[in-house]
Amino acid sequence: MTSTHYLSLLSVLVVMVVNGSPVPSAPGWTSGEELGVESFSGEPGAPPIWENVIKVIKLLVQEVINFRDQQFVEEFQKPVEEMSSFIQYQVPSIPTHLSKTPCSTSNYNKEACLQKISHGLQVYHVLLQHVKAEYPQSTLLPSVMHQTTVLIGLFKDKMKAAEVVEDLSASERERVLGEVSTGIEWERKTSVHAILRELRHFLVDTKTALRAWRRGAKAASNHDITMVGGGVLDQAWSKNLH
């Protein structure tokens, strides 16, 4: 099974779990054992829904890394080991790193964090339109864009007040694209690299936040601790920046 097919099947399963739908048993569907998931059926022992979302994020991160590395080597004729020399290339509308938002342990707020994640993914989805314009023949990009859309829906579904995170307006989308779609070819290509690089950071930070929530929930249920996180994120943010 290809990674794209694997990712697509898993994302569909996660959406079904969120909606409380039964998982079909039909040709073409991968078993829970092959996916490395104990159960998607809601039976005792099934992993929490966030565990399934984390699996989607992990696979999406790999898709983004593969695309980023391929684009870097082909466009700039340099090995991936020299990627750090391009860190100065930035995109103005890139969402703030989650380590500097309500997702951090020093300013923890789960609902506000979900809002930041959802809004950030919306911005990245618009920025991926620029990537699509530069690489219309890419076989990796359609999956990346689709999974980003899936994640936006999943995070909104878990919010208490999803209406707070409004869809980007036409003028906002135009402004975001305008920041990267102009300029000479070199500038447009470095913008693509920056988008993919920062999207990878954003997804890893998101995964880190979800894992911290899971650990906090388990600890709280066992009466081991009374506060969520307890420094887990602070250590993980710096670890995941590269």
# chains A, B, ... in the order shown; residues from 1 in each chain; ligands from 1
$ select_by_dssp --residues "range 20-194 of chain A" --states "alpha helix (DSSP H)" --output "MDAnalysis selection string"
chainID A and resid 32:35 49:76 110:134 141:157 170:178 185:194
$ residues_around --residues "Ser93 in chain A" --least-positions-apart "2" --cutoff "8 Å" --atoms "only C-alpha atoms" --output "PyMOL selection string"
chain A and resi 91+95+123+176+179
$ closest_residue --among "A:Leu127, A:Val80, A:Leu98, A:Val164" --to "Arg188 in chain A" --atoms "only C-alpha atoms"
A:Leu127
$ atom_distance --atom1 "CA of Ile65 in chain A" --atom2 "CA of Tyr135 in chain A"
15.6 Å
$ closest_residue --among "A:Thr206, A:Ser138, A:Gln88, A:Thr148" --to "Tyr124 in chain A" --atoms "only C-alpha atoms"
A:Thr148
$ closest_residue --among "A:Leu203, A:Arg215, A:Thr101, A:Pro92" --to "Gln147 in chain A" --atoms "only C-alpha atoms"
A:Leu203
$ atom_distance --atom1 "CA of Asp205 in chain A" --atom2 "CA of Leu121 in chain A"
12.2 Å
$ closest_residue --among "A:Ile184, A:Lys160, A:Leu210, A:Arg200" --to "Ile94 in chain A" --atoms "only C-alpha atoms"
A:Arg200
$ closest_residue --among "A:Ser171, A:Gln115, A:Thr182, A:Gln129" --to "Ile195 in chain A" --atoms "only C-alpha atoms"
A:Gln129
$ residues_around --residues "Lys116 in chain A" --least-positions-apart "3" --cutoff "8 Å" --atoms "only C-alpha atoms" --output "ChimeraX atom specification"
/A:98,101-102,112-113,119-120
$ atom_distance --atom1 "CA of Leu168 in chain A" --atom2 "CA of Gln122 in chain A"
7.2 Å
$ decode --residues "range 129-160 of chain A" --atoms "C-alpha atoms" --output "CSV table (one decimal), in the first residue's frame"
chain,number,residue,atom,x,y,z
A,129,GLN,CA,-2.7,27.1,-3.2
A,130,HIS,CA,0.5,28.9,-4.0
A,131,VAL,CA,2.4,25.6,-3.8
A,132,LYS,CA,-0.1,24.1,-6.2
A,133,ALA,CA,0.3,27.0,-8.7
A,134,GLU,CA,4.1,26.5,-8.7
A,135,TYR,CA,3.9,22.7,-8.8
A,136,PRO,CA,0.6,21.8,-10.6
A,137,GLN,CA,1.9,18.3,-11.5
A,138,SER,CA,2.9,17.3,-8.0
A,139,THR,CA,1.6,13.8,-7.0
A,140,LEU,CA,2.1,14.5,-3.3
A,141,LEU,CA,0.4,17.9,-3.0
A,142,PRO,CA,-3.3,16.7,-3.5
A,143,SER,CA,-3.0,14.4,-0.5
A,144,VAL,CA,-1.4,17.1,1.6
A,145,MET,CA,-4.2,19.5,0.8
A,146,HIS,CA,-6.9,17.0,1.4
A,147,GLN,CA,-5.6,15.9,4.7
A,148,THR,CA,-5.2,19.5,5.8
A,149,THR,CA,-8.9,20.0,5.1
A,150,VAL,CA,-9.8,16.8,7.0
A,151,LEU,CA,-7.9,18.0,10.0
A,152,ILE,CA,-9.6,21.4,10.0
A,153,GLY,CA,-12.9,19.7,10.2
A,154,LEU,CA,-11.8,17.3,12.9
A,155,PHE,CA,-10.5,20.1,15.2
A,156,LYS,CA,-13.6,22.3,14.6
A,157,ASP,CA,-15.7,19.3,15.6
A,158,LYS,CA,-14.0,19.1,18.9
A,159,MET,CA,-14.5,22.8,19.8
A,160,LYS,CA,-17.1,24.0,22.2
